[in-house]
>>> print(open('protein.pdb').read())   # PDB, C-alpha atoms
MODEL        1
ATOM      1  CA  MET A   1       8.115  74.623 -23.415  1.00  0.00           C
ATOM      2  CA  THR A   2       5.109  76.828 -22.864  1.00  0.00           C
ATOM      3  CA  ASP A   3       1.586  75.943 -21.804  1.00  0.00           C
ATOM      4  CA  ALA A   4      -1.103  76.433 -24.474  1.00  0.00           C
ATOM      5  CA  ASN A   5      -3.673  76.832 -21.674  1.00  0.00           C
ATOM      6  CA  ALA A   6      -1.909  79.817 -20.106  1.00  0.00           C
ATOM      7  CA  PRO A   7      -3.772  83.145 -20.344  1.00  0.00           C
ATOM      8  CA  ALA A   8      -2.976  85.278 -23.403  1.00  0.00           C
ATOM      9  CA  GLY A   9       0.324  87.078 -23.060  1.00  0.00           C
ATOM     10  CA  GLU A  10       1.454  84.905 -20.149  1.00  0.00           C
ATOM     11  CA  LYS A  11       4.051  82.213 -20.657  1.00  0.00           C
ATOM     12  CA  LYS A  12       3.785  79.272 -18.321  1.00  0.00           C
ATOM     13  CA  ILE A  13       6.914  77.166 -18.285  1.00  0.00           C
ATOM     14  CA  GLU A  14       6.546  73.408 -18.002  1.00  0.00           C
ATOM     15  CA  PHE A  15       9.404  71.667 -16.268  1.00  0.00           C
ATOM     16  CA  PRO A  16      10.451  68.114 -17.029  1.00  0.00           C
ATOM     17  CA  PRO A  17       9.954  65.652 -14.140  1.00  0.00           C
ATOM     18  CA  LEU A  18      12.473  65.671 -11.317  1.00  0.00           C
ATOM     19  CA  ASP A  19      14.876  62.747 -10.947  1.00  0.00           C
ATOM     20  CA  SER A  20      15.420  61.319  -7.453  1.00  0.00           C
ATOM     21  CA  THR A  21      18.922  60.047  -8.194  1.00  0.00           C
ATOM     22  CA  SER A  22      20.261  63.487  -9.137  1.00  0.00           C
ATOM     23  CA  LEU A  23      17.966  65.632  -6.994  1.00  0.00           C
ATOM     24  CA  LEU A  24      19.598  68.914  -5.986  1.00  0.00           C
ATOM     25  CA  LEU A  25      17.798  71.312  -3.672  1.00  0.00           C
ATOM     26  CA  ARG A  26      18.572  74.752  -2.295  1.00  0.00           C
ATOM     27  CA  THR A  27      16.843  77.401  -0.227  1.00  0.00           C
ATOM     28  CA  ASP A  28      16.617  81.108  -0.887  1.00  0.00           C
ATOM     29  CA  ASP A  29      16.959  84.016   1.547  1.00  0.00           C
ATOM     30  CA  ARG A  30      13.202  83.801   2.270  1.00  0.00           C
ATOM     31  CA  GLY A  31      13.466  80.140   3.300  1.00  0.00           C
ATOM     32  CA  ARG A  32      11.741  78.730   0.212  1.00  0.00           C
ATOM     33  CA  LEU A  33      12.811  75.372  -1.206  1.00  0.00           C
ATOM     34  CA  PHE A  34      13.956  75.116  -4.841  1.00  0.00           C
ATOM     35  CA  ALA A  35      14.839  72.229  -7.159  1.00  0.00           C
ATOM     36  CA  VAL A  36      18.045  72.941  -9.084  1.00  0.00           C
ATOM     37  CA  ARG A  37      18.552  71.513 -12.576  1.00  0.00           C
ATOM     38  CA  GLU A  38      21.323  72.289 -15.003  1.00  0.00           C
ATOM     39  CA  GLY A  39      20.205  74.449 -17.909  1.00  0.00           C
ATOM     40  CA  LEU A  40      16.839  75.309 -16.300  1.00  0.00           C
ATOM     41  CA  GLU A  41      15.684  78.051 -14.003  1.00  0.00           C
ATOM     42  CA  ASP A  42      15.498  76.837 -10.391  1.00  0.00           C
ATOM     43  CA  GLN A  43      11.938  75.774  -9.571  1.00  0.00           C
ATOM     44  CA  GLN A  44      10.247  76.387  -6.243  1.00  0.00           C
ATOM     45  CA  VAL A  45       8.993  73.132  -4.715  1.00  0.00           C
ATOM     46  CA  ILE A  46       6.917  72.169  -1.702  1.00  0.00           C
ATOM     47  CA  ALA A  47       7.564  68.922   0.192  1.00  0.00           C
ATOM     48  CA  ARG A  48       4.603  66.952   1.549  1.00  0.00           C
ATOM     49  CA  SER A  49       4.382  63.517   3.129  1.00  0.00           C
ATOM     50  CA  ALA A  50       1.491  61.250   2.153  1.00  0.00           C
ATOM     51  CA  PHE A  51       1.574  59.611   5.600  1.00  0.00           C
ATOM     52  CA  PRO A  52       3.036  62.213   7.988  1.00  0.00           C
ATOM     53  CA  TRP A  53       2.260  60.264  11.175  1.00  0.00           C
ATOM     54  CA  SER A  54       2.800  56.642  10.255  1.00  0.00           C
ATOM     55  CA  LYS A  55       5.549  56.939   7.584  1.00  0.00           C
ATOM     56  CA  PRO A  56       6.935  60.482   7.723  1.00  0.00           C
ATOM     57  CA  ASN A  57       9.985  59.729   5.546  1.00  0.00           C
ATOM     58  CA  ALA A  58       8.234  57.589   2.946  1.00  0.00           C
ATOM     59  CA  PHE A  59       6.016  58.571   0.022  1.00  0.00           C
ATOM     60  CA  VAL A  60       7.182  62.166   0.013  1.00  0.00           C
ATOM     61  CA  SER A  61       5.818  64.336  -2.774  1.00  0.00           C
ATOM     62  CA  LEU A  62       7.706  67.287  -4.199  1.00  0.00           C
ATOM     63  CA  ARG A  63       5.209  69.656  -5.792  1.00  0.00           C
ATOM     64  CA  SER A  64       5.370  72.886  -7.708  1.00  0.00           C
ATOM     65  CA  LYS A  65       4.143  76.002  -5.940  1.00  0.00           C
ATOM     66  CA  ASP A  66       0.905  75.460  -7.915  1.00  0.00           C
ATOM     67  CA  GLY A  67       0.458  72.005  -6.370  1.00  0.00           C
ATOM     68  CA  VAL A  68       1.480  69.917  -9.387  1.00  0.00           C
ATOM     69  CA  GLU A  69       3.353  66.805  -8.300  1.00  0.00           C
ATOM     70  CA  LEU A  70       6.843  66.755  -9.790  1.00  0.00           C
ATOM     71  CA  LEU A  71       8.301  63.748  -7.980  1.00  0.00           C
ATOM     72  CA  MET A  72       7.047  61.074  -5.565  1.00  0.00           C
ATOM     73  CA  LEU A  73       9.814  59.624  -3.436  1.00  0.00           C
ATOM     74  CA  GLU A  74       8.888  56.198  -2.070  1.00  0.00           C
ATOM     75  CA  SER A  75      11.685  56.642   0.451  1.00  0.00           C
ATOM     76  CA  LEU A  76      14.181  59.337   1.334  1.00  0.00           C
ATOM     77  CA  ASP A  77      16.899  56.664   1.343  1.00  0.00           C
ATOM     78  CA  GLY A  78      17.540  57.152  -2.371  1.00  0.00           C
ATOM     79  CA  VAL A  79      18.364  60.863  -2.242  1.00  0.00           C
ATOM     80  CA  SER A  80      21.584  62.589  -1.222  1.00  0.00           C
ATOM     81  CA  ALA A  81      22.161  63.389   2.440  1.00  0.00           C
ATOM     82  CA  ALA A  82      21.950  67.138   1.700  1.00  0.00           C
ATOM     83  CA  ALA A  83      18.618  66.799  -0.133  1.00  0.00           C
ATOM     84  CA  ARG A  84      17.261  64.493   2.588  1.00  0.00           C
ATOM     85  CA  GLU A  85      18.209  67.010   5.288  1.00  0.00           C
ATOM     86  CA  LEU A  86      16.391  69.850   3.493  1.00  0.00           C
ATOM     87  CA  ILE A  87      13.302  67.718   2.796  1.00  0.00           C
ATOM     88  CA  VAL A  88      13.056  66.539   6.421  1.00  0.00           C
ATOM     89  CA  HIS A  89      13.428  70.124   7.614  1.00  0.00           C
ATOM     90  CA  TYR A  90      10.539  71.280   5.398  1.00  0.00           C
ATOM     91  CA  LEU A  91       8.369  68.294   6.314  1.00  0.00           C
ATOM     92  CA  ASP A  92       8.905  68.968  10.017  1.00  0.00           C
ATOM     93  CA  ALA A  93       7.979  72.619   9.535  1.00  0.00           C
ATOM     94  CA  SER A  94       4.761  71.781   7.675  1.00  0.00           C
ATOM     95  CA  THR A  95       3.640  68.932   9.933  1.00  0.00           C
ATOM     96  CA  PHE A  96       3.929  70.288  13.461  1.00  0.00           C
ATOM     97  CA  ILE A  97       2.314  67.781  15.804  1.00  0.00           C
ATOM     98  CA  PRO A  98       2.850  68.593  19.489  1.00  0.00           C
ATOM     99  CA  LYS A  99       3.798  65.581  21.595  1.00  0.00           C
ATOM    100  CA  ILE A 100       1.803  64.876  24.750  1.00  0.00           C
ATOM    101  CA  ARG A 101       4.245  64.346  27.619  1.00  0.00           C
ATOM    102  CA  ARG A 102       1.785  63.938  30.483  1.00  0.00           C
ATOM    103  CA  ILE A 103      -1.950  63.436  30.938  1.00  0.00           C
ATOM    104  CA  GLU A 104      -3.096  65.092  34.132  1.00  0.00           C
ATOM    105  CA  LYS A 105      -6.805  64.276  33.888  1.00  0.00           C
ATOM    106  CA  VAL A 106      -9.424  62.962  31.480  1.00  0.00           C
ATOM    107  CA  ASP A 107     -13.000  64.049  32.305  1.00  0.00           C
ATOM    108  CA  LEU A 108     -15.739  61.868  30.787  1.00  0.00           C
ATOM    109  CA  GLU A 109     -18.805  63.500  32.354  1.00  0.00           C
ATOM    110  CA  HIS A 110     -20.013  65.738  29.521  1.00  0.00           C
ATOM    111  CA  GLY A 111     -20.654  63.319  26.653  1.00  0.00           C
ATOM    112  CA  TYR A 112     -17.187  64.017  25.294  1.00  0.00           C
ATOM    113  CA  GLN A 113     -13.679  63.685  26.675  1.00  0.00           C
ATOM    114  CA  LEU A 114     -11.933  66.683  28.222  1.00  0.00           C
ATOM    115  CA  TRP A 115      -8.200  66.032  28.458  1.00  0.00           C
ATOM    116  CA  ASP A 116      -5.884  68.151  30.632  1.00  0.00           C
ATOM    117  CA  VAL A 117      -2.422  67.504  29.180  1.00  0.00           C
ATOM    118  CA  GLU A 118       1.098  68.778  29.160  1.00  0.00           C
ATOM    119  CA  THR A 119       2.711  68.952  25.724  1.00  0.00           C
ATOM    120  CA  GLU A 120       6.074  70.125  24.495  1.00  0.00           C
ATOM    121  CA  ALA A 121       4.234  73.386  23.713  1.00  0.00           C
ATOM    122  CA  GLY A 122       2.882  73.745  27.284  1.00  0.00           C
ATOM    123  CA  LYS A 123      -0.266  72.817  29.192  1.00  0.00           C
ATOM    124  CA  LEU A 124      -3.481  72.463  27.202  1.00  0.00           C
ATOM    125  CA  GLN A 125      -7.046  71.287  27.530  1.00  0.00           C
ATOM    126  CA  LEU A 126      -8.255  69.146  24.649  1.00  0.00           C
ATOM    127  CA  ARG A 127     -11.877  68.390  23.875  1.00  0.00           C
ATOM    128  CA  VAL A 128     -12.022  64.982  22.191  1.00  0.00           C
ATOM    129  CA  GLN A 129     -15.412  64.349  20.562  1.00  0.00           C
ATOM    130  CA  GLU A 130     -15.301  60.675  19.563  1.00  0.00           C
ATOM    131  CA  ARG A 131     -13.328  57.561  20.428  1.00  0.00           C
ATOM    132  CA  GLU A 132     -12.383  57.462  16.717  1.00  0.00           C
ATOM    133  CA  ASP A 133     -10.421  60.678  17.296  1.00  0.00           C
ATOM    134  CA  ILE A 134      -7.834  58.528  19.098  1.00  0.00           C
ATOM    135  CA  ARG A 135      -5.897  56.771  16.349  1.00  0.00           C
ATOM    136  CA  PHE A 136      -3.363  54.047  17.067  1.00  0.00           C
ATOM    137  CA  LEU A 137      -0.332  54.066  14.775  1.00  0.00           C
ATOM    138  CA  SER A 138       1.291  51.110  16.544  1.00  0.00           C
ATOM    139  CA  GLU A 139       0.752  49.283  19.831  1.00  0.00           C
ATOM    140  CA  THR A 140       2.394  52.111  21.773  1.00  0.00           C
ATOM    141  CA  ARG A 141       2.109  55.177  19.525  1.00  0.00           C
ATOM    142  CA  PHE A 142      -1.026  57.124  18.712  1.00  0.00           C
ATOM    143  CA  THR A 143      -2.502  60.470  17.822  1.00  0.00           C
ATOM    144  CA  VAL A 144      -5.364  62.379  19.399  1.00  0.00           C
ATOM    145  CA  LYS A 145      -7.464  64.866  17.422  1.00  0.00           C
ATOM    146  CA  ASP A 146      -9.300  67.575  19.347  1.00  0.00           C
ATOM    147  CA  ALA A 147     -12.651  69.189  18.460  1.00  0.00           C
ATOM    148  CA  ASN A 148     -10.819  71.953  16.565  1.00  0.00           C
ATOM    149  CA  GLY A 149      -9.030  69.461  14.305  1.00  0.00           C
ATOM    150  CA  ASN A 150      -5.622  69.879  15.974  1.00  0.00           C
ATOM    151  CA  VAL A 151      -3.591  66.667  16.178  1.00  0.00           C
ATOM    152  CA  TYR A 152      -1.359  65.657  19.088  1.00  0.00           C
ATOM    153  CA  GLU A 153       0.893  62.628  19.426  1.00  0.00           C
ATOM    154  CA  ILE A 154       1.814  60.242  22.184  1.00  0.00           C
ATOM    155  CA  ALA A 155       5.051  58.843  20.786  1.00  0.00           C
ATOM    156  CA  ASP A 156       5.398  55.944  23.243  1.00  0.00           C
ATOM    157  CA  LEU A 157       2.669  54.958  25.660  1.00  0.00           C
ATOM    158  CA  ASN A 158       5.215  53.094  27.787  1.00  0.00           C
ATOM    159  CA  GLN A 159       7.164  56.308  28.401  1.00  0.00           C
ATOM    160  CA  LEU A 160       4.230  58.024  30.145  1.00  0.00           C
ATOM    161  CA  ASP A 161       4.265  58.298  33.922  1.00  0.00           C
ATOM    162  CA  ASP A 162       1.881  56.154  36.049  1.00  0.00           C
ATOM    163  CA  GLN A 163      -0.710  58.941  36.471  1.00  0.00           C
ATOM    164  CA  SER A 164      -0.860  59.519  32.710  1.00  0.00           C
ATOM    165  CA  GLN A 165      -1.242  55.806  32.023  1.00  0.00           C
ATOM    166  CA  ARG A 166      -4.106  55.514  34.577  1.00  0.00           C
ATOM    167  CA  GLU A 167      -5.967  58.412  32.974  1.00  0.00           C
ATOM    168  CA  LEU A 168      -5.385  57.075  29.499  1.00  0.00           C
ATOM    169  CA  SER A 169      -6.589  53.582  30.426  1.00  0.00           C
ATOM    170  CA  ARG A 170     -10.047  55.090  31.014  1.00  0.00           C
ATOM    171  CA  VAL A 171     -10.442  56.017  27.327  1.00  0.00           C
ATOM    172  CA  VAL A 172      -8.421  53.505  25.285  1.00  0.00           C
TER
ENDMDL
END
>>> encode(input="protein.pdb", output="structure tokens")
Amino acid sequence: MTDANAPAGEKKIEFPPLDSTSLLLRTDDRGRLFAVREGLEDQQVIARSAFPWSKPNAFVSLRSKDGVELLMLESLDGVSAAARELIVHYLDASTFIPKIRRIEKVDLEHGYQLWDVETEAGKLQLRVQEREDIRFLSETRFTVKDANGNVYEIADLNQLDDQSQRELSRVV
């Protein structure tokens, strides 16, 4: 099939929808993800999660390189182990959220919050503008967005040391 809206002289191939039950994926030597279907040219796809923080393995969209959704997976449970492994790998690579391991100090004196933290990526200072920038995902898990739009996660509040919990209690 070709696209009647494609520019003159350019053929744009339309692919039929992907099927979750027979989903086959592969990567190329450049690390790109491709959907494989018998009788068709392999199609480059991009994996994105609709809810990367609260439901990272649910409502996963596979899109063409042009952003057209080809398949929405309500859960990764219905796909093969090999496809699931590749999808999770690509989701992890596109949704890097450093985890906060320790909160050394939270300064509240400047009309905003200045957090001195230790993450898995090293020590950082975060400027948190609003209380709404601290988003609870469960009773013990939440994200923090800094003034630059970067998102950090505290995976389990109960796993923080006493100092971190004291500092955090001042702002949540």
>>> closest_residue(input="protein.pdb", among="A:Glu153, A:Glu167, A:Asp161, A:Asp133", to="Thr95 in chain A", atoms="only C-alpha atoms")
A:Glu153
>>> closest_residue(input="protein.pdb", among="A:Tyr112, A:Phe34, A:Ser20, A:Thr119", to="Glu74 in chain A", atoms="all atoms listed in the file")
A:Ser20
>>> atom_distance(input="protein.pdb", atom1="CA of Arg170 in chain A", atom2="CA of Ala121 in chain A")
24.3 Å
>>> closest_residue(input="protein.pdb", among="A:Ser54, A:Gln43, A:Ser94, A:Ser169", to="Leu137 in chain A", atoms="all atoms listed in the file")
A:Ser54
>>> resolve_selection(input="protein.pdb", expression="the PyMOL selection byres ((chain A and resi 71) around 10)", output="list in words")
Pro17, Leu18, Asp19, Ser20, Leu23, Val45, Ala47, Phe59, Val60, Ser61, Leu62, Arg63, Ser64, Val68, Glu69, Leu70, Met72, Leu73 and Glu74 of chain A
>>> residues_near_point(input="protein.pdb", point="(11.9, 60.5, 26.2)", cutoff="12 Å", atoms="all atoms listed in the file", output="list of chain:residue names")
A:Lys99, A:Ile100, A:Arg101, A:Arg102, A:Glu120, A:Ile154, A:Ala155, A:Asp156, A:Leu157, A:Asn158, A:Gln159, A:Leu160, A:Asp161
>>> atom_distance(input="protein.pdb", atom1="CA of Leu25 in chain A", atom2="CA of Ala82 in chain A")
8.0 Å
>>> atom_distance(input="protein.pdb", atom1="CA of Glu104 in chain A", atom2="CA of Val172 in chain A")
15.5 Å
>>> resolve_selection(input="protein.pdb", expression="the PyMOL selection byres ((chain A and resi 88) around 12)", output="ChimeraX atom specification")
/A:33,46-49,52,56-58,60-62,75-77,79,81-87,89-95
>>> closest_residue(input="protein.pdb", among="A:Ile97, A:Leu40, A:Val106, A:Leu24", to="Arg166 in chain A", atoms="only C-alpha atoms")
A:Val106
>>> axis_aligned_box(input="protein.pdb", around="range 75-86 of chain A", padding_each_side="8 Å", output="lines of an AutoDock Vina configuration file")
center_x = 16.9
center_y = 63.2
center_z = 1.5
size_x = 26.5
size_y = 29.2
size_z = 23.7
>>> residues_around(input="protein.pdb", residues="Ile134 in chain A", least_positions_apart="6", cutoff="10 Å", atoms="all atoms listed in the file", output="list in words")
Val128, Phe142, Thr143, Val144, Lys145, Asp146, Val151, Tyr152, Glu153, Val171 and Val172 of chain A
>>> resolve_selection(input="protein.pdb", expression="the PyMOL selection byres ((chain A and resi 105) around 9)", output="MDAnalysis selection string")
chainID A and resid 103:104 106:107 114:117 163:164 167:168
>>> closest_residue(input="protein.pdb", among="A:Gly149, A:Gly122, A:Gly39, A:Gly67", to="Pro98 in chain A", atoms="all atoms listed in the file")
A:Gly122
>>> decode(input="protein.pdb", residues="range 63-91 of chain A", atoms="N, CA and C atoms", output="short mmCIF file (atom, residue, chain, number, x, y, z; two decimals), in the first residue's frame")
data_model
loop_
_atom_site.label_atom_id
_atom_site.label_comp_id
_atom_site.auth_asym_id
_atom_site.auth_seq_id
_atom_site.Cartn_x
_atom_site.Cartn_y
_atom_site.Cartn_z
N ARG A 63 5.39 2.65 18.46
CA ARG A 63 5.12 3.67 17.44
C ARG A 63 6.13 3.56 16.30
N SER A 64 5.69 4.04 15.14
CA SER A 64 6.62 4.11 14.02
C SER A 64 7.63 5.21 14.32
N LYS A 65 8.69 5.26 13.53
CA LYS A 65 9.69 6.31 13.76
C LYS A 65 9.11 7.70 13.50
N ASP A 66 7.95 7.76 12.83
CA ASP A 66 7.25 9.03 12.60
C ASP A 66 6.27 9.36 13.70
N GLY A 67 6.16 8.49 14.73
CA GLY A 67 5.29 8.75 15.86
C GLY A 67 3.88 8.20 15.74
N VAL A 68 3.59 7.44 14.69
CA VAL A 68 2.27 6.86 14.52
C VAL A 68 2.16 5.61 15.38
N GLU A 69 1.14 5.56 16.23
CA GLU A 69 0.97 4.40 17.09
C GLU A 69 0.58 3.18 16.25
N LEU A 70 1.34 2.10 16.44
CA LEU A 70 1.09 0.86 15.72
C LEU A 70 0.44 -0.19 16.61
N LEU A 71 0.71 -0.12 17.92
CA LEU A 71 0.17 -1.10 18.85
C LEU A 71 0.21 -0.52 20.25
N MET A 72 -0.90 -0.66 21.00
CA MET A 72 -0.93 -0.29 22.41
C MET A 72 -1.07 -1.59 23.20
N LEU A 73 -0.08 -1.85 24.02
CA LEU A 73 -0.09 -3.06 24.85
C LEU A 73 -0.59 -2.67 26.24
N GLU A 74 -1.75 -3.19 26.63
CA GLU A 74 -2.27 -2.89 27.97
C GLU A 74 -1.35 -3.45 29.04
N SER A 75 -0.66 -4.52 28.72
CA SER A 75 0.28 -5.14 29.65
C SER A 75 1.34 -5.86 28.83
N LEU A 76 2.52 -5.97 29.40
CA LEU A 76 3.58 -6.73 28.72
C LEU A 76 3.44 -8.23 28.98
N ASP A 77 2.46 -8.61 29.80
CA ASP A 77 2.27 -10.02 30.12
C ASP A 77 1.89 -10.85 28.90
N GLY A 78 1.24 -10.23 27.91
CA GLY A 78 0.76 -10.97 26.76
C GLY A 78 1.76 -11.15 25.64
N VAL A 79 2.97 -10.64 25.79
CA VAL A 79 3.96 -10.78 24.72
C VAL A 79 5.02 -11.81 25.12
N SER A 80 5.76 -12.28 24.14
CA SER A 80 6.79 -13.29 24.42
C SER A 80 7.85 -12.71 25.35
N ALA A 81 8.56 -13.60 26.02
CA ALA A 81 9.61 -13.18 26.94
C ALA A 81 10.70 -12.39 26.20
N ALA A 82 11.03 -12.80 24.98
CA ALA A 82 12.07 -12.10 24.21
C ALA A 82 11.61 -10.69 23.85
N ALA A 83 10.36 -10.55 23.40
CA ALA A 83 9.84 -9.22 23.06
C ALA A 83 9.75 -8.35 24.30
N ARG A 84 9.28 -8.93 25.41
CA ARG A 84 9.17 -8.19 26.67
C ARG A 84 10.54 -7.66 27.11
N GLU A 85 11.56 -8.50 27.01
CA GLU A 85 12.91 -8.11 27.41
C GLU A 85 13.41 -6.92 26.57
N LEU A 86 13.19 -6.96 25.27
CA LEU A 86 13.61 -5.85 24.41
C LEU A 86 12.82 -4.58 24.72
N ILE A 87 11.51 -4.71 24.91
CA ILE A 87 10.69 -3.53 25.20
C ILE A 87 11.12 -2.89 26.52
N VAL A 88 11.30 -3.69 27.55
CA VAL A 88 11.72 -3.15 28.86
C VAL A 88 13.07 -2.47 28.74
N HIS A 89 13.97 -3.06 27.99
CA HIS A 89 15.28 -2.43 27.78
C HIS A 89 15.13 -1.04 27.15
N TYR A 90 14.32 -0.93 26.12
CA TYR A 90 14.13 0.36 25.44
C TYR A 90 13.37 1.35 26.31
N LEU A 91 12.41 0.88 27.09
CA LEU A 91 11.70 1.78 28.00
C LEU A 91 12.65 2.31 29.06
#
